[in-house]
>>> print(open('model_1.txt').read())   # compact mmCIF, C-alpha atoms (C1' of nucleotides)
# COMPACT_ATOMS: atom_id res chain seq x y z
CA MET L 10 -54.60 5.69 4.49
CA PRO L 11 -51.94 7.25 6.71
CA LYS L 12 -52.31 6.72 10.42
CA ILE L 13 -50.67 8.16 13.49
CA GLY L 14 -47.61 7.03 15.42
CA MET L 15 -46.65 4.55 12.76
CA GLU L 16 -42.91 4.84 13.18
CA PRO L 17 -42.34 2.26 15.95
CA LEU L 18 -44.76 -0.17 14.32
CA ARG L 19 -43.08 0.14 10.95
CA ARG L 20 -39.61 -0.17 12.37
CA LYS L 21 -40.54 -3.32 14.20
CA ALA L 22 -42.28 -4.81 11.17
CA LEU L 23 -39.29 -4.01 8.97
CA ILE L 24 -36.83 -5.56 11.40
CA ASP L 25 -38.95 -8.70 11.71
CA ALA L 26 -39.24 -8.87 7.94
CA THR L 27 -35.48 -8.51 7.68
CA ILE L 28 -34.85 -11.48 9.96
CA LEU L 29 -37.38 -13.55 8.06
CA ALA L 30 -35.94 -12.61 4.69
CA ILE L 31 -32.36 -13.25 5.76
CA GLY L 32 -33.40 -16.54 7.30
CA GLU L 33 -35.07 -17.67 4.12
CA ARG L 34 -32.36 -16.51 1.73
CA GLY L 35 -29.65 -17.59 4.11
CA SER L 36 -27.64 -14.45 3.53
CA LEU L 37 -27.66 -10.69 3.73
CA ASP L 38 -28.19 -10.54 -0.03
CA VAL L 39 -31.73 -9.42 0.43
CA THR L 40 -33.16 -6.41 -1.37
CA MET L 41 -34.84 -3.53 0.35
CA SER L 42 -37.86 -4.16 -1.86
CA GLU L 43 -38.14 -7.74 -0.65
CA ILE L 44 -37.92 -6.72 2.99
CA ALA L 45 -40.34 -3.85 2.55
CA GLY L 46 -42.73 -6.10 0.63
CA ARG L 47 -42.76 -8.61 3.46
CA ALA L 48 -43.48 -5.82 5.91
CA GLY L 49 -46.30 -4.66 3.67
CA VAL L 50 -44.85 -1.30 2.75
CA SER L 51 -42.93 0.24 -0.12
CA SER L 52 -39.16 0.23 -0.28
CA ALA L 53 -39.27 4.01 -0.21
CA LEU L 54 -40.82 3.86 3.24
CA ALA L 55 -38.10 1.57 4.49
CA HIS L 56 -35.57 4.11 3.34
CA HIS L 57 -37.62 6.85 4.95
CA TYR L 58 -37.40 5.22 8.36
CA PHE L 59 -33.94 3.72 8.22
CA GLY L 60 -32.04 5.92 5.82
CA ALA L 61 -29.82 3.26 4.33
CA LYS L 62 -29.92 -0.49 4.07
CA ASP L 63 -26.87 -0.66 6.27
CA GLU L 64 -28.69 0.92 9.16
CA LEU L 65 -31.62 -1.44 8.82
CA LEU L 66 -29.25 -4.38 8.97
CA GLN L 67 -27.51 -2.93 11.98
CA ALA L 68 -30.79 -2.27 13.74
CA THR L 69 -31.74 -5.88 13.03
CA MET L 70 -28.53 -7.19 14.54
CA ARG L 71 -28.99 -4.95 17.56
CA HIS L 72 -32.50 -6.28 17.94
CA ILE L 73 -31.36 -9.89 17.89
CA LEU L 74 -28.60 -9.17 20.38
CA SER L 75 -30.91 -7.30 22.67
CA GLU L 76 -33.46 -10.12 22.66
CA LEU L 77 -30.72 -12.57 23.52
CA GLY L 78 -29.52 -10.24 26.26
CA LYS L 79 -33.00 -9.94 27.71
CA ASP L 80 -33.49 -13.72 27.79
CA MET L 81 -30.06 -14.12 29.31
CA ARG L 82 -30.64 -11.64 32.11
CA PHE L 83 -33.95 -13.27 32.91
CA ALA L 84 -32.49 -16.77 33.02
CA LEU L 85 -29.51 -15.68 35.11
CA ARG L 86 -31.75 -14.03 37.68
CA ALA L 87 -33.13 -17.45 38.60
CA ALA L 88 -29.73 -19.12 38.83
CA ASP L 89 -28.34 -19.04 42.34
CA THR L 90 -25.25 -21.23 42.10
CA GLY L 91 -22.26 -20.91 39.83
CA ARG L 92 -23.06 -24.21 38.24
CA ALA L 93 -26.65 -23.10 37.60
CA ARG L 94 -25.42 -19.90 35.97
CA VAL L 95 -23.34 -21.78 33.46
CA SER L 96 -26.22 -24.09 32.64
CA ALA L 97 -28.50 -21.09 32.25
CA VAL L 98 -26.15 -19.52 29.73
CA ILE L 99 -26.06 -22.74 27.75
CA ALA L 100 -29.82 -23.22 27.92
CA VAL L 101 -30.62 -19.73 26.68
CA ASN L 102 -28.34 -20.06 23.68
CA PHE L 103 -30.22 -23.16 22.59
CA SER L 104 -33.65 -22.03 23.67
CA GLU L 105 -36.66 -22.27 21.38
CA LYS L 106 -36.43 -18.60 20.56
CA GLN L 107 -32.69 -18.37 19.87
CA PHE L 108 -31.97 -21.67 18.18
CA ARG L 109 -34.41 -21.16 15.31
CA PRO L 110 -33.25 -21.53 11.71
CA GLU L 111 -34.06 -17.91 10.79
CA THR L 112 -32.22 -16.51 13.77
CA ILE L 113 -29.28 -18.78 13.19
CA ALA L 114 -29.06 -17.92 9.54
CA ALA L 115 -29.12 -14.26 10.47
CA TRP L 116 -26.35 -14.83 13.00
CA LEU L 117 -24.18 -16.53 10.47
CA ALA L 118 -24.81 -13.89 7.85
CA PHE L 119 -23.92 -11.16 10.31
CA TYR L 120 -20.76 -12.99 11.29
CA VAL L 121 -19.68 -12.87 7.68
CA GLU L 122 -20.72 -9.28 7.19
CA ALA L 123 -18.80 -8.31 10.32
CA GLN L 124 -15.61 -8.90 8.40
CA LYS L 125 -16.53 -5.96 6.20
CA SER L 126 -18.28 -3.68 8.64
CA SER L 127 -16.41 -2.44 11.67
CA ARG L 128 -19.65 -1.38 13.36
CA LEU L 129 -21.07 -4.89 13.12
CA ARG L 130 -17.75 -6.21 14.35
CA ARG L 131 -18.05 -4.01 17.40
CA LEU L 132 -21.57 -5.27 18.09
CA LEU L 133 -20.45 -8.88 17.88
CA ARG L 134 -17.49 -8.18 20.10
CA VAL L 135 -19.82 -6.83 22.77
CA TYR L 136 -21.86 -10.00 22.54
CA ALA L 137 -18.77 -12.21 22.76
CA ARG L 138 -17.50 -10.37 25.78
CA ARG L 139 -20.86 -10.62 27.49
CA LEU L 140 -21.06 -14.32 26.82
CA HIS L 141 -17.59 -14.77 28.19
CA SER L 142 -18.21 -12.79 31.34
CA ASN L 143 -21.50 -14.56 31.94
CA LEU L 144 -19.77 -17.90 31.68
CA MET L 145 -16.95 -16.75 33.91
CA SER L 146 -19.34 -15.49 36.56
CA GLY L 147 -20.49 -19.07 36.94
CA LEU L 148 -17.19 -20.86 36.50
CA THR L 149 -14.87 -18.86 38.74
CA GLY L 150 -16.24 -20.44 41.89
CA LEU L 151 -15.84 -23.92 40.51
CA MET L 152 -12.20 -24.07 39.47
CA ALA L 153 -8.94 -22.19 39.14
CA GLN L 154 -9.04 -18.96 37.19
CA THR L 155 -6.96 -20.16 34.26
CA ASP L 156 -8.96 -23.37 33.97
CA ALA L 157 -12.15 -21.32 34.00
CA GLU L 158 -10.89 -19.02 31.27
CA ARG L 159 -9.99 -21.91 29.08
CA LEU L 160 -13.26 -23.72 29.66
CA ALA L 161 -15.26 -20.58 28.95
CA GLU L 162 -13.43 -20.25 25.66
CA GLY L 163 -14.16 -23.86 24.84
CA ILE L 164 -17.83 -23.61 25.65
CA ALA L 165 -18.20 -20.43 23.60
CA ALA L 166 -16.48 -22.02 20.61
CA LEU L 167 -18.61 -25.13 20.96
CA ILE L 168 -21.78 -23.06 20.96
CA ASP L 169 -20.69 -21.22 17.84
CA GLY L 170 -19.82 -24.48 16.16
CA LEU L 171 -23.18 -26.01 16.95
CA TYR L 172 -24.86 -22.91 15.58
CA ILE L 173 -23.02 -23.24 12.29
CA ARG L 174 -23.85 -26.88 11.98
CA ARG L 175 -27.45 -26.13 12.64
CA ALA L 176 -27.45 -23.47 9.93
CA LEU L 177 -26.32 -26.04 7.41
CA LYS L 178 -29.28 -28.26 8.31
CA ASP L 179 -26.92 -31.14 7.76
CA GLY L 180 -26.12 -33.16 10.84
CA THR L 181 -28.82 -30.84 12.21
CA PRO L 182 -28.30 -31.08 15.91
CA ASN L 183 -31.57 -30.36 17.63
CA ALA L 184 -31.59 -28.19 20.71
CA GLU L 185 -31.66 -30.99 23.25
CA SER L 186 -28.73 -32.89 21.81
CA ALA L 187 -26.77 -29.66 21.45
CA ILE L 188 -27.37 -28.82 25.09
CA ALA L 189 -26.49 -32.36 26.08
CA LEU L 190 -23.20 -32.11 24.20
CA VAL L 191 -22.15 -28.86 25.84
CA GLU L 192 -23.33 -29.98 29.27
CA ASP L 193 -21.38 -33.18 28.88
CA TYR L 194 -18.25 -31.20 28.06
CA LEU L 195 -18.85 -29.02 31.08
CA GLY L 196 -19.65 -31.95 33.36
CA THR L 197 -16.59 -33.88 32.30
CA LYS L 198 -14.32 -30.93 32.94
CA LEU L 199 -15.90 -30.28 36.31
CA ARG L 200 -15.45 -33.84 37.41
CA GLN L 201 -11.84 -33.69 36.29
CA THR L 202 -10.97 -30.41 37.98
CA ARG L 203 -12.97 -31.09 41.10
CA MET O 29 0.83 -12.40 -26.53
CA PRO O 30 -1.12 -15.66 -26.58
CA LYS O 31 0.72 -18.76 -25.54
CA ILE O 32 0.00 -22.45 -25.55
CA GLY O 33 -1.57 -24.65 -22.92
CA MET O 34 -2.69 -21.68 -20.92
CA GLU O 35 -5.90 -23.19 -19.64
CA PRO O 36 -4.62 -24.99 -16.52
CA LEU O 37 -2.38 -22.06 -15.62
CA ARG O 38 -5.21 -19.58 -15.93
CA ARG O 39 -7.63 -21.73 -14.01
CA LYS O 40 -5.18 -22.10 -11.18
CA ALA O 41 -4.39 -18.39 -11.14
CA LEU O 42 -8.07 -17.50 -11.13
CA ILE O 43 -8.85 -19.89 -8.29
CA ASP O 44 -5.96 -18.55 -6.23
CA ALA O 45 -7.10 -15.01 -6.95
CA THR O 46 -10.60 -15.95 -5.87
CA ILE O 47 -9.42 -17.22 -2.50
CA LEU O 48 -7.33 -14.11 -2.00
CA ALA O 49 -10.14 -11.78 -2.97
CA ILE O 50 -12.71 -13.54 -0.81
CA GLY O 51 -10.27 -13.58 2.07
CA GLU O 52 -9.68 -9.87 1.80
CA ARG O 53 -13.29 -8.87 1.31
CA GLY O 54 -14.46 -11.42 3.82
CA SER O 55 -17.35 -12.51 1.66
CA LEU O 56 -18.33 -13.91 -1.71
CA ASP O 57 -19.33 -10.42 -2.82
CA VAL O 58 -16.39 -10.19 -5.09
CA THR O 59 -16.66 -9.15 -8.71
CA MET O 60 -15.38 -11.16 -11.60
CA SER O 61 -13.39 -8.11 -12.66
CA GLU O 62 -11.65 -7.96 -9.30
CA ILE O 63 -10.75 -11.62 -9.40
CA ALA O 64 -9.63 -11.46 -13.00
CA GLY O 65 -7.62 -8.35 -12.29
CA ARG O 66 -5.77 -10.07 -9.47
CA ALA O 67 -5.03 -12.97 -11.77
CA GLY O 68 -3.73 -10.54 -14.36
CA VAL O 69 -6.34 -11.21 -17.01
CA SER O 70 -9.57 -9.66 -18.23
CA SER O 71 -12.93 -10.60 -16.80
CA ALA O 72 -13.92 -11.86 -20.21
CA LEU O 73 -11.20 -14.49 -19.98
CA ALA O 74 -12.44 -15.62 -16.59
CA HIS O 75 -15.83 -16.15 -18.16
CA HIS O 76 -14.24 -17.90 -21.08
CA TYR O 77 -12.63 -20.52 -18.83
CA PHE O 78 -15.30 -20.87 -16.17
CA GLY O 79 -18.51 -19.98 -17.93
CA ALA O 80 -20.26 -18.41 -15.00
CA LYS O 81 -19.19 -16.89 -11.71
CA ASP O 82 -20.97 -19.66 -9.90
CA GLU O 83 -18.73 -22.28 -11.44
CA LEU O 84 -15.61 -20.37 -10.52
CA LEU O 85 -16.77 -20.23 -6.93
CA GLN O 86 -17.56 -23.90 -6.94
CA ALA O 87 -14.23 -24.77 -8.45
CA THR O 88 -12.60 -22.70 -5.74
CA MET O 89 -14.45 -24.51 -2.98
CA ARG O 90 -13.54 -27.84 -4.54
CA HIS O 91 -9.94 -26.75 -4.63
CA ILE O 92 -9.90 -25.84 -0.96
CA LEU O 93 -11.57 -29.11 -0.03
CA SER O 94 -9.21 -31.12 -2.14
CA GLU O 95 -6.17 -29.46 -0.60
CA LEU O 96 -7.52 -30.22 2.85
CA GLY O 97 -8.18 -33.78 1.79
CA LYS O 98 -4.66 -34.18 0.46
CA ASP O 99 -3.11 -32.88 3.67
CA MET O 100 -5.40 -35.09 5.68
CA ARG O 101 -4.53 -38.25 3.80
CA PHE O 102 -0.86 -37.48 4.13
CA ALA O 103 -1.08 -36.88 7.87
CA LEU O 104 -3.18 -39.97 8.46
CA ARG O 105 -0.73 -42.16 6.64
CA ALA O 106 1.85 -41.48 9.36
CA ALA O 107 -0.57 -42.13 12.22
CA ASP O 108 -0.44 -45.72 13.39
CA THR O 109 -2.61 -45.69 16.50
CA GLY O 110 -6.21 -44.60 16.91
CA ARG O 111 -5.16 -41.86 19.23
CA ALA O 112 -2.60 -40.63 16.72
CA ARG O 113 -5.23 -40.57 13.99
CA VAL O 114 -7.46 -38.27 15.99
CA SER O 115 -4.59 -35.95 16.78
CA ALA O 116 -3.61 -35.93 13.13
CA VAL O 117 -7.09 -34.84 12.11
CA ILE O 118 -7.00 -32.03 14.64
CA ALA O 119 -3.50 -30.96 13.66
CA VAL O 120 -4.30 -30.75 9.96
CA ASN O 121 -7.36 -28.59 10.53
CA PHE O 122 -5.23 -26.06 12.37
CA SER O 123 -2.13 -26.41 10.26
CA GLU O 124 -0.33 -23.39 8.85
CA LYS O 125 -1.91 -23.93 5.47
CA GLN O 126 -5.50 -24.47 6.56
CA PHE O 127 -5.82 -22.08 9.47
CA ARG O 128 -4.94 -18.97 7.48
CA PRO O 129 -7.23 -15.93 7.54
CA GLU O 130 -7.94 -16.05 3.79
CA THR O 131 -8.80 -19.71 3.84
CA ILE O 132 -10.96 -19.31 6.90
CA ALA O 133 -12.80 -16.35 5.48
CA ALA O 134 -13.44 -18.36 2.35
CA TRP O 135 -14.72 -21.26 4.42
CA LEU O 136 -17.11 -19.07 6.28
CA ALA O 137 -18.34 -17.36 3.14
CA PHE O 138 -18.96 -20.73 1.52
CA TYR O 139 -20.83 -21.94 4.58
CA VAL O 140 -23.19 -19.03 4.16
CA GLU O 141 -23.50 -19.47 0.43
CA ALA O 142 -24.26 -23.14 0.92
CA GLN O 143 -27.62 -22.17 2.31
CA LYS O 144 -28.52 -20.87 -1.13
CA SER O 145 -26.70 -23.30 -3.37
CA SER O 146 -27.53 -26.96 -3.15
CA ARG O 147 -24.38 -27.89 -5.00
CA LEU O 148 -22.20 -26.14 -2.47
CA ARG O 149 -24.24 -27.75 0.28
CA ARG O 150 -23.45 -31.13 -1.20
CA LEU O 151 -19.75 -30.33 -1.28
CA LEU O 152 -19.74 -29.29 2.35
CA ARG O 153 -21.67 -32.36 3.32
CA VAL O 154 -19.00 -34.52 1.74
CA TYR O 155 -16.39 -32.71 3.76
CA ALA O 156 -18.37 -33.05 6.99
CA ARG O 157 -18.83 -36.74 6.44
CA ARG O 158 -15.18 -37.24 5.70
CA LEU O 159 -14.17 -35.37 8.81
CA HIS O 160 -16.56 -37.47 10.84
CA SER O 161 -15.39 -40.76 9.46
CA ASN O 162 -11.75 -39.79 9.91
CA LEU O 163 -12.39 -38.96 13.51
CA MET O 164 -14.35 -42.17 14.01
CA SER O 165 -11.60 -44.26 12.49
CA GLY O 166 -9.41 -43.11 15.35
CA LEU O 167 -11.95 -43.07 18.14
CA THR O 168 -13.70 -46.41 17.70
CA GLY O 169 -10.80 -48.32 19.20
CA LEU O 170 -10.67 -46.09 22.23
CA MET O 171 -14.23 -46.13 23.56
CA ALA O 172 -17.75 -47.39 23.07
CA GLN O 173 -19.37 -46.66 19.72
CA THR O 174 -21.98 -44.21 21.02
CA ASP O 175 -19.38 -42.34 23.06
CA ALA O 176 -17.18 -42.15 20.01
CA GLU O 177 -20.01 -40.80 17.86
CA ARG O 178 -20.79 -38.13 20.38
CA LEU O 179 -17.18 -37.14 20.85
CA ALA O 180 -16.63 -36.93 17.11
CA GLU O 181 -19.59 -34.60 16.86
CA GLY O 182 -18.22 -32.47 19.66
CA ILE O 183 -14.76 -32.24 18.17
CA ALA O 184 -16.15 -31.32 14.78
CA ALA O 185 -18.34 -28.60 16.26
CA LEU O 186 -15.45 -27.31 18.31
CA ILE O 187 -13.27 -27.07 15.23
CA ASP O 188 -15.97 -25.16 13.36
CA GLY O 189 -16.44 -22.83 16.30
CA LEU O 190 -12.74 -22.08 16.54
CA TYR O 191 -12.70 -21.38 12.81
CA ILE O 192 -15.49 -18.85 13.17
CA ARG O 193 -13.82 -17.13 16.07
CA ARG O 194 -10.62 -16.93 14.11
CA ALA O 195 -12.45 -15.36 11.19
CA LEU O 196 -13.70 -12.59 13.43
CA LYS O 197 -10.12 -11.85 14.51
CA ASP O 198 -11.61 -11.16 17.89
CA GLY O 199 -10.50 -13.48 20.64
CA THR O 200 -8.24 -14.61 17.80
CA PRO O 201 -7.20 -18.04 18.92
CA ASN O 202 -3.88 -18.86 17.35
CA ALA O 203 -3.31 -22.32 15.99
CA GLU O 204 -1.44 -23.68 19.00
CA SER O 205 -4.02 -22.62 21.55
CA ALA O 206 -6.80 -23.91 19.32
CA ILE O 207 -5.11 -27.28 19.06
CA ALA O 208 -4.48 -27.28 22.80
CA LEU O 209 -8.15 -26.62 23.46
CA VAL O 210 -9.38 -29.46 21.27
CA GLU O 211 -6.69 -31.84 22.52
CA ASP O 212 -7.63 -30.99 26.07
CA TYR O 213 -11.25 -31.82 25.32
CA LEU O 214 -10.21 -35.08 23.73
CA GLY O 215 -7.78 -35.94 26.53
CA THR O 216 -10.30 -35.25 29.24
CA LYS O 217 -12.92 -37.43 27.58
CA LEU O 218 -10.40 -40.22 27.06
CA ARG O 219 -9.34 -40.18 30.67
CA GLN O 220 -12.97 -40.26 31.69
CA THR O 221 -14.06 -43.10 29.43
CA ARG O 222 -10.93 -45.10 29.88
C1' DT Q 24 -6.01 -22.44 -42.46
C1' DT Q 25 -7.74 -23.84 -38.31
C1' DT Q 26 -7.54 -23.61 -33.42
C1' DT Q 27 -6.44 -21.31 -29.01
C1' DA Q 28 -5.89 -17.18 -26.26
C1' DT Q 29 -7.29 -12.81 -25.32
C1' DT Q 30 -9.69 -8.40 -24.76
C1' DG Q 31 -12.50 -3.90 -25.28
C1' DA Q 32 -16.83 -2.61 -25.79
C1' DT Q 33 -21.49 -3.37 -24.97
C1' DT Q 34 -25.88 -5.05 -23.14
C1' DG Q 35 -29.35 -6.00 -19.85
C1' DA Q 36 -30.68 -6.66 -15.35
C1' DT Q 37 -30.71 -5.53 -10.68
C1' DC Q 38 -30.84 -2.35 -6.88
C1' DA Q 39 -29.97 1.31 -3.45
C1' DG Q 40 -31.26 5.60 -2.84
C1' DT Q 41 -33.93 10.08 -4.13
C1' DC Q 42 -37.84 13.05 -4.96
C1' DA Q 43 -41.92 15.15 -5.94
C1' DA Q 44 -46.58 14.39 -5.24
C1' DT Q 45 -50.65 12.68 -2.38
C1' DT Q 46 -53.38 11.78 1.54
C1' DA Q 47 -54.87 12.36 5.96
C1' DA Q 48 -54.19 13.41 10.73
C1' DA Q 49 -52.94 17.24 14.25
C1' DA Q 50 -52.49 21.69 15.57
C1' DA Q 51 -53.49 26.31 15.21
C1' DT Q 52 -56.53 29.95 14.22
C1' DA Q 53 -60.70 32.28 13.42
C1' DT T 28 -67.22 24.77 15.90
C1' DA T 29 -65.44 25.48 11.38
C1' DT T 30 -61.33 26.76 8.87
C1' DT T 31 -56.79 26.87 7.56
C1' DT T 32 -52.00 25.41 8.28
C1' DT T 33 -48.64 22.31 9.45
C1' DT T 34 -46.79 17.92 10.11
C1' DA T 35 -46.48 12.77 9.38
C1' DA T 36 -47.09 8.81 6.39
C1' DT T 37 -46.76 6.95 2.12
C1' DT T 38 -45.77 5.77 -2.63
C1' DG T 39 -44.73 5.53 -7.84
C1' DA T 40 -41.56 6.84 -10.78
C1' DC T 41 -36.98 7.82 -11.62
C1' DT T 42 -31.66 7.95 -11.53
C1' DG T 43 -27.16 6.27 -11.32
C1' DA T 44 -24.13 2.79 -10.34
C1' DT T 45 -22.66 -1.78 -10.47
C1' DC T 46 -21.87 -6.12 -12.58
C1' DA T 47 -22.44 -10.65 -14.85
C1' DA T 48 -22.45 -12.19 -19.21
C1' DT T 49 -21.86 -11.77 -24.38
C1' DC T 50 -19.62 -10.97 -28.68
C1' DA T 51 -17.11 -9.54 -32.35
C1' DA T 52 -12.46 -8.64 -33.33
C1' DT T 53 -7.40 -9.51 -33.02
C1' DA T 54 -3.23 -11.99 -32.67
C1' DA T 55 -0.44 -15.75 -32.51
C1' DA T 56 0.38 -20.63 -32.46
C1' DA T 57 -0.38 -25.31 -34.74
>>> encode(input="model_1.txt", output="structure tokens")
Amino acid sequence: MPKIGMEPLRRKALIDATILAIGERGSLDVTMSEIAGRAGVSSALAHHYFGAKDELLQATMRHILSELGKDMRFALRAADTGRARVSAVIAVNFSEKQFRPETIAAWLAFYVEAQKSSRLRRLLRVYARRLHSNLMSGLTGLMAQTDAERLAEGIAALIDGLYIRRALKDGTPNAESAIALVEDYLGTKLRQTR
Amino acid sequence: MPKIGMEPLRRKALIDATILAIGERGSLDVTMSEIAGRAGVSSALAHHYFGAKDELLQATMRHILSELGKDMRFALRAADTGRARVSAVIAVNFSEKQFRPETIAAWLAFYVEAQKSSRLRRLLRVYARRLHSNLMSGLTGLMAQTDAERLAEGIAALIDGLYIRRALKDGTPNAESAIALVEDYLGTKLRQTR
DNA sequence: TTTTATTGATTGATCAGTCAATTAAAAATA
DNA sequence: TATTTTTAATTGACTGATCAATCAATAAAA
């Protein structure tokens, strides 16, 4: 029962299915058939719309990054002080939508894959740079440039580390305690450099 | 040209080859043939000594963990104050031997794999607990228990985050700057809680 | 002669990717 | 409006490649 204008719907469904599948498996070792099955279509159709598995994975990563970017821009719009900007960046990274097991697992899997794929590496580099510049835009007013650079690096690494730990479901930090940890780091450094 | 007592030699060579191969590929998607080839034997022999690929990977992870443990015990033996113990833990994690691209890539790959394999997950949990208790053994004398717990969590997350960033070869923190970052975090918190 | 070390060849399963065929909607034409 | 033609959506069946795992055979040491 073919219908019209299916392409955007199918693409979206396939990308969502990809995130779900990766999240459940915990790695990119997910077959096209599994993804397509979850999206309710045949694997042939997935190939029809995305060409190769690689492109589906890349589209998925782009989708995740773009969602994060959207949330970030929205949160930053409401932040009027430097301090508020930094807190906004932290909050978005641990928001309901971003700090979910599926999303995190996908992140981690893409991190690993990036070591093989230069295109994925480029995507992640864009994200890292954006995170850094967002942090810096808040921190520069609050301390010396070099201190800000260093702190931004520390916060970014801390966020990544908390993501990994969450993925392992081990010491599972929940969102609030993760935010508290990063905010405490930030607060302590601010008090020190004040 | 069969020789005697080859088993330990072969096992060691295969494990080393596994780390190398994973490090180069950047993931656990490495064939038994590739590993065996690097070790200078046939894939059949790798199966002969390890049974299944899974067990070779597990043995490899155990090897990495045990090396880290050895280094850690050695470094801690020389640390006589609480403060020195914490610094020792940090130093070992970023030591020449541990903070190498191959080792890091292997770490990351195992982190991902751990989401699938409960046995790997157990291994990593042991490591995480050991890291935590090592950190605590140094921190408890220096501040209140709850503060120490929180700081240990933060340091551990920071270490993981710096590992990930190193794996991506992006903002490539070198060992010294990574140590400086963690030590700065620690120092700031100590000055604050003092 | 038994045990250990070793491999080439093979098997069986899994998958990404292709293709020809089918169905129905859209567009064009009568 | 009724028809033919074109385009879009969709799949089942297939192909080719890759790879883990097995096994029978060989060679040398004990």
>>> residues_near_point(input="model_1.txt", point="(-8.1, -23.7, -34.1)", cutoff="12 Å", atoms="only C-alpha atoms (C1' of nucleotides)", output="short mmCIF file (atom, residue, chain, number, x, y, z; two decimals) with C-alpha atoms (C1' of nucleotides), keeping the file's coordinate frame")
data_model
loop_
_atom_site.label_atom_id
_atom_site.label_comp_id
_atom_site.auth_asym_id
_atom_site.auth_seq_id
_atom_site.Cartn_x
_atom_site.Cartn_y
_atom_site.Cartn_z
CA ILE O 32 0.00 -22.45 -25.55
"C1'" DT Q 24 -6.01 -22.44 -42.46
"C1'" DT Q 25 -7.74 -23.84 -38.31
"C1'" DT Q 26 -7.54 -23.61 -33.42
"C1'" DT Q 27 -6.44 -21.31 -29.01
"C1'" DA Q 28 -5.89 -17.18 -26.26
"C1'" DA T 55 -0.44 -15.75 -32.51
"C1'" DA T 56 0.38 -20.63 -32.46
"C1'" DA T 57 -0.38 -25.31 -34.74
#
>>> closest_residue(input="model_1.txt", among="O:His76, O:Arg39, O:Lys197, O:Arg66", to="chain Q", atoms="only C-alpha atoms (C1' of nucleotides)")
O:His76
>>> residues_around(input="model_1.txt", residues="Thr221 (chain O)", least_positions_apart="6", cutoff="9 Å", atoms="only C-alpha atoms (C1' of nucleotides)", output="VMD selection string")
chain O and resid 170 to 172 175
>>> atom_distance(input="model_1.txt", atom1="CA of Leu167 (chain O)", atom2="CA of Gly110 (chain O)")
6.1 Å
>>> residues_around(input="model_1.txt", residues="Ala180 (chain O)", least_positions_apart="2", cutoff="7 Å", atoms="all atoms listed in the file", output="list in words")
His160, Leu163, Met164, Ala176, Glu177, Arg178, Gly182, Ile183 and Ala184 of chain O
>>> write_last_selection(input="model_1.txt", atoms="C-alpha atoms", output="PDB file, in the coordinates of the input")
ATOM      1  CA  HIS O 160     -16.560 -37.470  10.840  1.00  0.00           C
ATOM      2  CA  LEU O 163     -12.390 -38.960  13.510  1.00  0.00           C
ATOM      3  CA  MET O 164     -14.350 -42.170  14.010  1.00  0.00           C
ATOM      4  CA  ALA O 176     -17.180 -42.150  20.010  1.00  0.00           C
ATOM      5  CA  GLU O 177     -20.010 -40.800  17.860  1.00  0.00           C
ATOM      6  CA  ARG O 178     -20.790 -38.130  20.380  1.00  0.00           C
ATOM      7  CA  GLY O 182     -18.220 -32.470  19.660  1.00  0.00           C
ATOM      8  CA  ILE O 183     -14.760 -32.240  18.170  1.00  0.00           C
ATOM      9  CA  ALA O 184     -16.150 -31.320  14.780  1.00  0.00           C
TER      10      ALA O 184
END
>>> residues_around(input="model_1.txt", residues="Ala87 (chain L)", least_positions_apart="6", cutoff="12 Å", atoms="only C-alpha atoms (C1' of nucleotides)", output="PyMOL selection string")
chain L and resi 80-81+93-98
>>> residues_around(input="model_1.txt", residues="DT37 (chain T)", least_positions_apart="6", cutoff="12 Å", atoms="only C-alpha atoms (C1' of nucleotides)", output="list in words")
Met10, Pro11, Lys12, Met15, Glu16, Arg19, Gly49, Val50, Ser51, Ser52, Ala53, Leu54, Ala55, His56, His57 and Tyr58 of chain L; DA44, DT45, DT46 and DA47 of chain Q
>>> closest_residue(input="model_1.txt", among="Q:DT29, Q:DT52, Q:DT41, Q:DT34", to="chain L", atoms="only C-alpha atoms (C1' of nucleotides)")
Q:DT41
>>> residues_around(input="model_1.txt", residues="region 135-145 of chain O", least_positions_apart="2", cutoff="8 Å", atoms="all atoms listed in the file", output="number ranges by chain")
L: 34-36, 117-118, 121, 176-177; O: 50, 54-56, 89, 131-133, 147-149, 152, 192, 195
>>> decode(input="model_1.txt", residues="region 193-198 of chain O", atoms="N, CA and C atoms", output="PDB file, in the first residue's frame")
ATOM      1  N   ARG O 193      38.786  11.833  25.568  1.00  0.00           N
ATOM      2  CA  ARG O 193      39.248  12.912  24.709  1.00  0.00           C
ATOM      3  C   ARG O 193      40.591  12.563  24.087  1.00  0.00           C
ATOM      4  N   ARG O 194      41.384  11.849  24.809  1.00  0.00           N
ATOM      5  CA  ARG O 194      42.652  11.404  24.257  1.00  0.00           C
ATOM      6  C   ARG O 194      42.418  10.414  23.105  1.00  0.00           C
ATOM      7  N   ALA O 195      41.464   9.545  23.292  1.00  0.00           N
ATOM      8  CA  ALA O 195      41.183   8.545  22.257  1.00  0.00           C
ATOM      9  C   ALA O 195      40.794   9.225  20.951  1.00  0.00           C
ATOM     10  N   LEU O 196      40.085  10.313  21.052  1.00  0.00           N
ATOM     11  CA  LEU O 196      39.654  11.006  19.835  1.00  0.00           C
ATOM     12  C   LEU O 196      40.772  11.792  19.177  1.00  0.00           C
ATOM     13  N   LYS O 197      41.913  11.891  19.869  1.00  0.00           N
ATOM     14  CA  LYS O 197      43.065  12.598  19.295  1.00  0.00           C
ATOM     15  C   LYS O 197      42.685  14.006  18.873  1.00  0.00           C
ATOM     16  N   ASP O 198      41.697  14.561  19.543  1.00  0.00           N
ATOM     17  CA  ASP O 198      41.175  15.840  19.095  1.00  0.00           C
ATOM     18  C   ASP O 198      41.861  16.991  19.837  1.00  0.00           C
TER      19      ASP O 198
END
